[in-house]
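Shown below: work33.tsv, with TSV, C-alpha atoms and all ligand atoms.
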```tsv
chain	number	residue	atom	x	y	z
A	1	MET	CA	48.62	64.34	6.08
A	2	ASP	CA	46.78	61.69	8.15
A	3	PHE	CA	43.78	62.02	5.88
A	4	TRP	CA	45.82	61.05	2.77
A	5	LYS	CA	47.42	58.17	4.60
A	6	GLY	CA	43.99	56.83	5.61
A	7	ALA	CA	42.65	57.13	2.07
A	8	PHE	CA	45.68	55.31	0.69
A	9	VAL	CA	45.23	52.43	3.18
A	10	SER	CA	41.50	52.02	2.45
A	11	LEU	CA	42.21	52.08	-1.30
A	12	ARG	CA	44.73	49.29	-0.84
A	13	HIS	CA	42.00	47.24	0.91
A	14	THR	CA	39.41	47.74	-1.82
A	15	LYS	CA	41.58	45.46	-4.01
A	16	HIS	CA	40.57	42.54	-1.80
A	17	TYR	CA	36.95	43.50	-2.12
A	18	PHE	CA	37.25	43.54	-5.90
A	19	ARG	CA	38.78	40.08	-5.87
A	20	ALA	CA	36.03	38.72	-3.66
A	21	VAL	CA	33.29	40.30	-5.78
A	22	PHE	CA	34.97	39.00	-8.94
A	23	LEU	CA	35.09	35.47	-7.49
A	24	ILE	CA	31.41	35.59	-6.46
A	25	ILE	CA	30.35	36.79	-9.92
A	26	GLY	CA	32.49	34.04	-11.49
A	27	ALA	CA	30.92	31.39	-9.27
A	28	LEU	CA	27.41	32.63	-10.08
A	29	PHE	CA	28.19	32.52	-13.80
A	30	ALA	CA	29.51	28.96	-13.49
A	31	PHE	CA	26.42	27.99	-11.46
A	32	PHE	CA	23.98	29.33	-14.05
A	33	ILE	CA	25.84	27.73	-16.96
A	34	VAL	CA	25.98	24.29	-15.28
A	35	ARG	CA	22.34	24.69	-14.20
A	36	ALA	CA	21.25	25.44	-17.78
A	37	PHE	CA	22.93	22.21	-18.93
A	38	LEU	CA	21.59	19.99	-16.18
A	39	LEU	CA	17.98	21.18	-15.84
A	40	PRO	CA	15.48	19.22	-17.93
A	41	GLY	CA	13.58	21.39	-20.43
A	42	SER	CA	10.19	20.93	-18.81
A	43	PHE	CA	11.35	21.96	-15.33
A	44	GLY	CA	9.15	24.73	-13.96
A	45	GLU	CA	6.19	24.09	-16.25
A	46	PHE	CA	4.01	23.24	-13.21
A	47	GLY	CA	6.17	24.80	-10.52
A	48	TYR	CA	9.24	23.31	-8.88
A	49	TYR	CA	8.85	20.02	-10.73
A	50	ARG	CA	9.80	18.28	-13.99
A	51	GLY	CA	6.67	18.81	-16.12
A	52	ASP	CA	7.30	15.88	-18.51
A	53	ASN	CA	6.97	13.47	-15.58
A	54	VAL	CA	3.19	13.90	-15.61
A	55	ALA	CA	2.92	12.61	-19.21
A	56	GLU	CA	5.40	9.79	-18.46
A	57	GLN	CA	3.30	8.57	-15.51
A	58	MET	CA	0.08	8.82	-17.55
A	59	ALA	CA	1.58	6.70	-20.34
A	60	LYS	CA	2.14	3.75	-17.97
A	61	PRO	CA	-0.39	0.94	-18.31
A	62	VAL	CA	-3.12	0.97	-15.65
A	63	ARG	CA	-2.66	-1.98	-13.26
A	64	PHE	CA	-5.28	-1.53	-10.56
A	65	ALA	CA	-9.00	-1.43	-11.35
A	66	ALA	CA	-11.96	0.11	-9.55
A	67	ARG	CA	-12.98	-1.86	-6.45
A	68	GLU	CA	-16.12	-3.21	-8.22
A	69	ALA	CA	-14.00	-4.84	-10.97
A	70	CYS	CA	-14.07	-8.26	-9.27
A	71	ALA	CA	-17.81	-8.26	-8.55
A	72	ASP	CA	-19.08	-9.54	-11.94
A	73	CYS	CA	-17.00	-12.73	-11.86
A	74	HIS	CA	-16.77	-13.34	-8.10
A	75	GLY	CA	-20.31	-12.36	-7.10
A	76	ASP	CA	-20.59	-14.58	-4.02
A	77	ILE	CA	-17.32	-13.46	-2.49
A	78	TRP	CA	-18.15	-9.86	-3.39
A	79	LYS	CA	-21.47	-10.12	-1.46
A	80	THR	CA	-19.85	-11.74	1.59
A	81	HIS	CA	-17.10	-9.13	1.51
A	82	GLN	CA	-19.45	-6.15	1.14
A	83	SER	CA	-21.59	-7.21	4.08
A	84	GLY	CA	-18.68	-7.96	6.43
A	85	SER	CA	-16.19	-5.96	8.44
A	86	HIS	CA	-13.61	-6.07	5.62
A	87	ALA	CA	-15.84	-4.08	3.25
A	88	PRO	CA	-13.48	-1.07	3.43
A	89	VAL	CA	-10.50	-3.25	2.41
A	90	GLN	CA	-10.16	-3.51	-1.38
A	91	CYS	CA	-9.87	-7.02	-2.91
A	92	GLN	CA	-6.71	-5.93	-4.69
A	93	ASN	CA	-5.17	-4.86	-1.39
A	94	CYS	CA	-4.93	-8.49	-0.22
A	95	HIS	CA	-4.58	-10.17	-3.62
A	96	ASP	CA	-2.90	-8.16	-6.37
A	97	ALA	CA	-3.74	-5.73	-9.19
A	98	LEU	CA	-6.40	-6.88	-11.69
A	99	ALA	CA	-3.70	-6.57	-14.40
A	100	VAL	CA	-1.95	-9.79	-13.27
A	101	HIS	CA	-5.23	-11.73	-13.60
A	102	PHE	CA	-7.43	-10.34	-16.35
A	103	ASP	CA	-6.96	-7.92	-19.26
A	104	VAL	CA	-10.18	-5.89	-19.46
A	105	GLU	CA	-9.47	-4.36	-22.91
A	106	LYS	CA	-8.69	-7.68	-24.61
A	107	GLY	CA	-11.14	-9.67	-22.48
A	108	GLU	CA	-8.38	-12.24	-21.81
A	109	PHE	CA	-7.15	-14.04	-18.71
A	110	ILE	CA	-3.52	-13.26	-17.94
A	111	GLY	CA	-2.75	-15.50	-14.98
A	112	LYS	CA	-3.63	-16.65	-11.49
A	113	MET	CA	-4.46	-14.05	-8.90
A	114	PRO	CA	-2.09	-14.57	-5.94
A	115	ILE	CA	-3.48	-15.71	-2.60
A	116	GLN	CA	-1.43	-15.02	0.48
A	117	ARG	CA	-2.82	-17.43	3.03
A	118	THR	CA	-0.62	-16.53	5.99
A	119	SER	CA	-0.86	-14.55	9.19
A	120	LYS	CA	1.69	-12.18	7.68
A	121	LEU	CA	-1.08	-10.79	5.46
A	122	CYS	CA	-3.31	-10.07	8.46
A	123	LEU	CA	-0.56	-8.67	10.66
A	124	ARG	CA	0.35	-6.13	7.99
A	125	CYS	CA	-2.78	-4.29	9.17
A	126	HIS	CA	-3.64	-5.75	12.59
A	127	ASP	CA	-0.32	-6.06	14.41
A	128	ASP	CA	-0.33	-4.02	17.60
A	129	LEU	CA	1.89	-1.15	16.45
A	130	PRO	CA	1.89	2.00	18.61
A	131	SER	CA	1.35	4.14	15.49
A	132	ARG	CA	-2.09	2.60	14.82
A	133	PRO	CA	-5.09	4.57	16.14
A	134	ASP	CA	-6.79	3.36	19.35
A	135	GLY	CA	-10.12	2.48	17.73
A	136	PHE	CA	-8.56	0.23	15.08
A	137	PRO	CA	-8.82	-3.55	15.77
A	138	LYS	CA	-5.30	-4.64	16.75
A	139	ILE	CA	-4.10	-7.84	18.35
A	140	ASP	CA	-1.22	-8.65	20.62
A	141	LEU	CA	-0.15	-11.77	18.72
A	142	GLU	CA	1.17	-13.73	21.70
A	143	ASP	CA	-1.86	-12.95	23.84
A	144	HIS	CA	-4.34	-13.63	21.00
A	145	LEU	CA	-2.91	-17.07	20.25
A	146	LYS	CA	-1.88	-18.10	23.76
A	147	ASP	CA	-4.23	-21.12	24.02
A	148	ILE	CA	-3.73	-22.37	20.47
A	149	PRO	CA	-1.46	-25.39	19.89
A	150	ASP	CA	-0.92	-24.48	16.20
A	151	ALA	CA	0.04	-20.88	16.93
A	152	HIS	CA	3.31	-21.17	15.02
A	153	LYS	CA	1.65	-22.25	11.76
A	154	PRO	CA	1.60	-19.56	9.06
A	155	GLU	CA	-2.09	-20.14	8.28
A	156	VAL	CA	-3.20	-20.06	11.94
A	157	CYS	CA	-5.56	-17.04	11.57
A	158	PHE	CA	-7.75	-18.95	9.09
A	159	GLN	CA	-8.72	-21.54	11.69
A	160	CYS	CA	-11.12	-18.98	13.11
A	161	HIS	CA	-11.36	-16.03	10.70
A	162	GLN	CA	-12.73	-15.92	7.17
A	163	PRO	CA	-10.66	-13.29	5.29
A	164	HIS	CA	-13.64	-12.01	3.30
A	165	SER	CA	-15.70	-11.42	6.46
A	166	PRO	CA	-13.38	-11.85	9.45
A	167	LYS	CA	-15.45	-10.72	12.42
A	168	ILE	CA	-16.23	-13.75	14.59
A	169	GLY	CA	-19.91	-14.54	14.29
A	170	ASP	CA	-20.35	-12.69	10.95
A	171	GLN	CA	-18.74	-15.17	8.62
A	172	GLY	CA	-19.97	-18.17	6.79
A	173	PRO	CA	-17.94	-21.37	6.94
A	174	VAL	CA	-14.17	-20.92	6.89
A	175	THR	CA	-12.98	-21.80	3.39
A	176	ARG	CA	-10.71	-24.64	2.29
A	177	ASP	CA	-9.52	-27.65	4.25
A	178	GLN	CA	-9.45	-26.48	7.85
A	201	LIG	C1	-13.61	-11.79	-16.11
A	201	LIG	C2	-13.87	-12.49	-14.89
A	201	LIG	C3	-12.95	-12.25	-13.71
A	201	LIG	C4	-12.60	-11.06	-13.14
A	201	LIG	C5	-12.93	-9.65	-13.59
A	201	LIG	C6	-11.83	-11.40	-11.95
A	201	LIG	N1	-11.71	-12.76	-11.84
A	201	LIG	FE1	-10.73	-13.78	-10.40
A	201	LIG	N2	-11.07	-15.54	-11.34
A	201	LIG	C7	-11.86	-15.69	-12.48
A	201	LIG	C8	-11.87	-17.10	-12.85
A	201	LIG	C9	-12.63	-17.69	-14.03
A	201	LIG	C10	-11.03	-17.77	-11.93
A	201	LIG	C11	-10.69	-19.25	-11.92
A	201	LIG	C12	-11.82	-20.02	-11.38
A	201	LIG	C13	-11.45	-20.68	-10.14
A	201	LIG	O1	-10.34	-21.22	-10.07
A	201	LIG	O2	-12.25	-20.62	-9.19
A	201	LIG	C14	-10.57	-16.78	-10.99
A	201	LIG	C15	-9.76	-17.04	-9.90
A	201	LIG	C16	-9.45	-16.12	-8.90
A	201	LIG	C17	-8.75	-16.42	-7.67
A	201	LIG	C18	-8.28	-17.80	-7.23
A	201	LIG	C19	-6.91	-18.11	-7.68
A	201	LIG	C20	-6.48	-19.47	-7.17
A	201	LIG	O3	-5.26	-19.68	-7.10
A	201	LIG	O4	-7.33	-20.31	-6.84
A	201	LIG	C21	-8.63	-15.26	-6.98
A	201	LIG	C22	-7.96	-15.07	-5.63
A	201	LIG	C23	-9.25	-14.22	-7.78
A	201	LIG	N3	-9.74	-14.79	-8.93
A	201	LIG	C24	-9.34	-12.91	-7.38
A	201	LIG	C25	-9.84	-11.89	-8.19
A	201	LIG	C26	-9.83	-10.49	-7.81
A	201	LIG	C27	-9.30	-9.96	-6.52
A	201	LIG	C28	-10.39	-9.80	-8.85
A	201	LIG	C29	-10.56	-8.31	-8.98
A	201	LIG	C30	-9.35	-7.53	-8.88
A	201	LIG	C31	-10.75	-10.78	-9.87
A	201	LIG	N4	-10.41	-12.03	-9.42
A	201	LIG	C32	-11.33	-10.45	-11.06
A	201	LIG	C33	-12.53	-14.70	-13.13
A	201	LIG	C34	-12.38	-13.32	-12.89
A	202	LIG	C1	-8.23	-9.30	3.97
A	202	LIG	C2	-7.67	-9.82	2.78
A	202	LIG	C3	-8.58	-10.21	1.63
A	202	LIG	C4	-9.50	-9.42	1.00
A	202	LIG	C5	-9.88	-7.99	1.31
A	202	LIG	C6	-10.03	-10.23	-0.07
A	202	LIG	N1	-9.46	-11.47	-0.06
A	202	LIG	FE1	-9.90	-13.01	-1.31
A	202	LIG	N2	-8.76	-14.25	-0.20
A	202	LIG	C7	-7.96	-13.86	0.86
A	202	LIG	C8	-7.33	-15.06	1.42
A	202	LIG	C9	-6.36	-15.07	2.60
A	202	LIG	C10	-7.81	-16.16	0.70
A	202	LIG	C11	-7.54	-17.66	0.96
A	202	LIG	C12	-8.66	-18.15	1.84
A	202	LIG	C13	-8.60	-19.60	2.20
A	202	LIG	O1	-8.08	-20.36	1.44
A	202	LIG	O2	-9.09	-19.93	3.28
A	202	LIG	C14	-8.68	-15.62	-0.33
A	202	LIG	C15	-9.32	-16.38	-1.30
A	202	LIG	C16	-9.96	-15.86	-2.41
A	202	LIG	C17	-10.44	-16.63	-3.55
A	202	LIG	C18	-10.25	-18.12	-3.80
A	202	LIG	C19	-10.80	-19.00	-2.76
A	202	LIG	C20	-12.27	-18.83	-2.48
A	202	LIG	O3	-12.61	-18.46	-1.34
A	202	LIG	O4	-13.07	-19.08	-3.39
A	202	LIG	C21	-11.05	-15.74	-4.39
A	202	LIG	C22	-11.69	-16.07	-5.73
A	202	LIG	C23	-10.97	-14.42	-3.77
A	202	LIG	N3	-10.31	-14.53	-2.57
A	202	LIG	C24	-11.49	-13.27	-4.31
A	202	LIG	C25	-11.61	-12.08	-3.61
A	202	LIG	C26	-12.44	-10.96	-4.03
A	202	LIG	C27	-13.24	-10.91	-5.31
A	202	LIG	C28	-12.32	-9.99	-3.08
A	202	LIG	C29	-13.04	-8.66	-2.99
A	202	LIG	C30	-14.49	-8.72	-3.04
A	202	LIG	C31	-11.39	-10.49	-2.07
A	202	LIG	N4	-11.01	-11.77	-2.42
A	202	LIG	C32	-10.99	-9.78	-0.95
A	202	LIG	C33	-7.76	-12.57	1.31
A	202	LIG	C34	-8.56	-11.50	0.97
A	203	LIG	C1	-5.17	-3.93	4.19
A	203	LIG	C2	-5.43	-3.98	5.60
A	203	LIG	C3	-6.07	-5.22	6.19
A	203	LIG	C4	-5.66	-6.53	6.05
A	203	LIG	C5	-4.52	-7.07	5.18
A	203	LIG	C6	-6.49	-7.31	6.91
A	203	LIG	N1	-7.40	-6.50	7.55
A	203	LIG	FE1	-8.76	-7.04	8.95
A	203	LIG	N2	-9.53	-5.17	8.94
A	203	LIG	C7	-9.04	-4.10	8.23
A	203	LIG	C8	-9.95	-2.98	8.38
A	203	LIG	C9	-9.77	-1.61	7.74
A	203	LIG	C10	-11.00	-3.41	9.20
A	203	LIG	C11	-12.21	-2.62	9.66
A	203	LIG	C12	-11.81	-1.82	10.85
A	203	LIG	C13	-12.92	-1.02	11.43
A	203	LIG	O1	-14.07	-1.38	11.24
A	203	LIG	O2	-12.59	-0.04	12.09
A	203	LIG	C14	-10.71	-4.80	9.55
A	203	LIG	C15	-11.49	-5.58	10.40
A	203	LIG	C16	-11.13	-6.84	10.84
A	203	LIG	C17	-11.82	-7.61	11.87
A	203	LIG	C18	-13.07	-7.18	12.61
A	203	LIG	C19	-12.73	-6.47	13.86
A	203	LIG	C20	-13.96	-6.08	14.61
A	203	LIG	O3	-14.14	-6.58	15.69
A	203	LIG	O4	-14.73	-5.27	14.05
A	203	LIG	C21	-11.14	-8.79	12.02
A	203	LIG	C22	-11.47	-9.92	13.00
A	203	LIG	C23	-10.05	-8.78	11.08
A	203	LIG	N3	-10.07	-7.60	10.38
A	203	LIG	C24	-9.17	-9.83	10.88
A	203	LIG	C25	-8.30	-9.93	9.82
A	203	LIG	C26	-7.63	-11.14	9.40
A	203	LIG	C27	-7.76	-12.48	10.08
A	203	LIG	C28	-6.84	-10.82	8.33
A	203	LIG	C29	-5.99	-11.74	7.49
A	203	LIG	C30	-6.73	-12.73	6.71
A	203	LIG	C31	-7.03	-9.40	8.06
A	203	LIG	N4	-7.93	-8.91	8.98
A	203	LIG	C32	-6.37	-8.68	7.07
A	203	LIG	C33	-7.89	-4.09	7.50
A	203	LIG	C34	-7.17	-5.20	7.13
A	204	LIG	C1	-8.76	-19.90	17.90
A	204	LIG	C2	-9.44	-18.91	17.13
A	204	LIG	C3	-8.70	-17.69	16.67
A	204	LIG	C4	-7.52	-17.62	15.95
A	204	LIG	C5	-6.63	-18.76	15.53
A	204	LIG	C6	-7.30	-16.22	15.66
A	204	LIG	N1	-8.31	-15.48	16.19
A	204	LIG	FE1	-8.56	-13.48	15.98
A	204	LIG	N2	-10.22	-13.52	17.15
A	204	LIG	C7	-10.80	-14.66	17.66
A	204	LIG	C8	-11.97	-14.30	18.45
A	204	LIG	C9	-12.89	-15.28	19.18
A	204	LIG	C10	-12.07	-12.89	18.40
A	204	LIG	C11	-13.13	-12.00	19.02
A	204	LIG	C12	-12.90	-11.86	20.48
A	204	LIG	C13	-11.68	-11.07	20.76
A	204	LIG	O1	-11.64	-9.89	20.44
A	204	LIG	O2	-10.74	-11.66	21.31
A	204	LIG	C14	-10.95	-12.43	17.57
A	204	LIG	C15	-10.72	-11.11	17.27
A	204	LIG	C16	-9.75	-10.68	16.36
A	204	LIG	C17	-9.58	-9.32	15.92
A	204	LIG	C18	-10.38	-8.13	16.37
A	204	LIG	C19	-9.77	-7.55	17.61
A	204	LIG	C20	-10.52	-6.34	18.10
A	204	LIG	O3	-9.93	-5.57	18.85
A	204	LIG	O4	-11.69	-6.15	17.73
A	204	LIG	C21	-8.55	-9.29	15.04
A	204	LIG	C22	-7.98	-8.09	14.31
A	204	LIG	C23	-8.06	-10.65	14.92
A	204	LIG	N3	-8.80	-11.46	15.73
A	204	LIG	C24	-7.02	-11.04	14.12
A	204	LIG	C25	-6.46	-12.30	14.12
A	204	LIG	C26	-5.23	-12.64	13.42
A	204	LIG	C27	-4.41	-11.68	12.59
A	204	LIG	C28	-5.00	-13.96	13.65
A	204	LIG	C29	-3.81	-14.79	13.18
A	204	LIG	C30	-2.51	-14.31	13.64
A	204	LIG	C31	-6.07	-14.45	14.50
A	204	LIG	N4	-6.93	-13.41	14.78
A	204	LIG	C32	-6.20	-15.77	14.96
A	204	LIG	C33	-10.36	-15.95	17.45
A	204	LIG	C34	-9.19	-16.31	16.79
```
Can I see the file as structure tokens?
Amino acid sequence: MDFWKGAFVSLRHTKHYFRAVFLIIGALFAFFIVRAFLLPGSFGEFGYYRGDNVAEQMAKPVRFAAREACADCHGDIWKTHQSGSHAPVQCQNCHDALAVHFDVEKGEFIGKMPIQRTSKLCLRCHDDLPSRPDGFPKIDLEDHLKDIPDAHKPEVCFQCHQPHSPKIGDQGPVTRDQ
């Protein structure tokens, strides 16, 4: 008698299981249908990634040139730069992409290359941030400029450093009207 009672009770509970399983299957169905609509066609072509993006990026016009691109027209600066401590720093890193200045394919000038003549440019790389490696030349701004009356001026670094060859003692004359 007890056996039948137990079987009846467990059968009554299986109804709940069926409902739960039904709901999970329904949710999975809904998920796969929505997913099929939302996923771009090229997804998965190269792994977990939208494959078409590669072609889209390649179709963009090239803005930056090889580091030698400035050498032909700015030979003197190129030589100073290559022989100084800023040789590893690309011209375009401090100025801008060649594309704003000169169109190589058409052989045409586009516009003026920007010059950022402020300490902000230098501090982008030389500020004493804890994340910078120990061997890298960093300055504590206040300490470095403590004896200089013009310390607040934006172009203060250029009183002593030539951007194309900044190590003291290496550089030629500091450019422009200092
Ligand atoms: C096809 C030749 C040519 C190429 C390539 C070229 N330049 Fe120039 N650039 C010029 C000429 C010409 C001037 C204007 C002459 C002048 O004012 O001294 C100039 C001017 C400049 C100026 C001064 C702008 C100003 O306001 O006085 C900068 C800075 C400059 N170029 C940087 C670069 C950099 C960086 C590159 C490489 C990414 C480059 N140039 C590539 C020919 C070139
Ligand atoms: C560390 C940053 C930096 C790098 C790297 C750099 N420049 Fe400059 N450049 C400057 C600054 C700042 C000035 C303004 C200097 C001044 O007026 O005293 C300048 C000025 C110039 C000028 C115009 C004035 C002049 O001195 O004739 C030209 C042209 C130029 N740079 C070209 C180049 C080229 C070509 C390269 C790569 C070989 C290069 N620069 C690399 C920061 C940089
Ligand atoms: C894009 C990053 C970058 C910018 C911007 C930059 N520098 Fe540098 N600087 C470097 C690198 C990289 C070196 C070489 C470091 C090395 O040799 O380990 C260097 C070296 C130097 C050195 C030589 C240090 C030594 O004793 O060997 C001086 C001085 C210097 N920079 C000053 C300046 C000044 C002034 C400016 C602003 C006109 C400037 N830098 C802008 C990256 C930069
Ligand atoms: C009055 C001259 C003067 C001015 C202005 C000046 N410096 Fe210097 N700087 C020096 C001298 C001299 C040295 C070399 C001796 C030393 O390390 O203190 C030097 C060294 C450096 C070094 C190399 C530090 C190292 O550890 O090797 C960097 C980077 C530097 N300066 C960046 C700058 C920046 C950025 C500015 C502008 C905010 C600036 N300097 C302004 C004179 C100056």
To check your reading of the model: which residues sit at most 6 Å from ligand LIG 201 (chain A) when counting all atoms listed in the file? Write the answer as a list in words.
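Going residue by residue within 6 Å of ligand LIG 201 (chain A), we get Ala69, Cys70, Cys73, Cys91, Gln92, His95, Ala97, Leu98, Lys112, Met113, Pro114 and Ile115 of chain A.
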Expected selection as a count of residues only for ligand LIG 204 (chain A) within 8 Å, all atoms listed in the file:
27
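CA of Ala71 in chain A sits 14.7 Å away from atom C33 of ligand LIG 202 (chain A).
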Of the candidates A:Thr80, A:Thr14, A:Asp128, A:Gly111, which one gets nearest to Gln162 in chain A if we count only C-alpha atoms?
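Checking each candidate against Gln162 in chain A, we get A:Thr80 as the closest.
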Atom pair atom C13 of ligand LIG 203 (chain A) / CA of Glu142 in chain A: separation (Å)
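These two atoms are separated by 21.6 Å.
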Select, from A:Gly26, A:Pro88, A:Pro40, A:Pro163, the residue with the minimum atom-to-atom distance to Thr118 in chain A, counting all atoms listed in the file.
A:Pro163
What is the distance between atom C34 of ligand LIG 203 (chain A) and CA of His81 in chain A, in Å to one decimal?
12.1 Å
Name the closest residue to ligand LIG 202 (chain A) among the candidates A:Asp52, A:Asp143, A:Asp96, A:Glu105; distances are taken between atoms, counting all atoms listed in the file.
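Of A:Asp52, A:Asp143, A:Asp96, A:Glu105, the one nearest ligand LIG 202 (chain A) is A:Asp96, counting all atoms listed in the file.
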Find the axis-aligned box for ligand LIG 203 (chain A), covering all its listed atoms and adding 4 Å on each side, and write its centre and edge lengths in Å to one decimal as lines of an AutoDock Vina configuration file.
```
center_x = -9.6
center_y = -6.4
center_z = 9.9
size_x = 18.2
size_y = 20.7
size_z = 19.5
```
Which is closer to ligand LIG 202 (chain A) than all the others in A:Gly44, A:Gly84, A:Pro133, A:Pro149, using all atoms listed in the file?
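Counting all atoms listed in the file, the residue closest to ligand LIG 202 (chain A) is A:Gly84.
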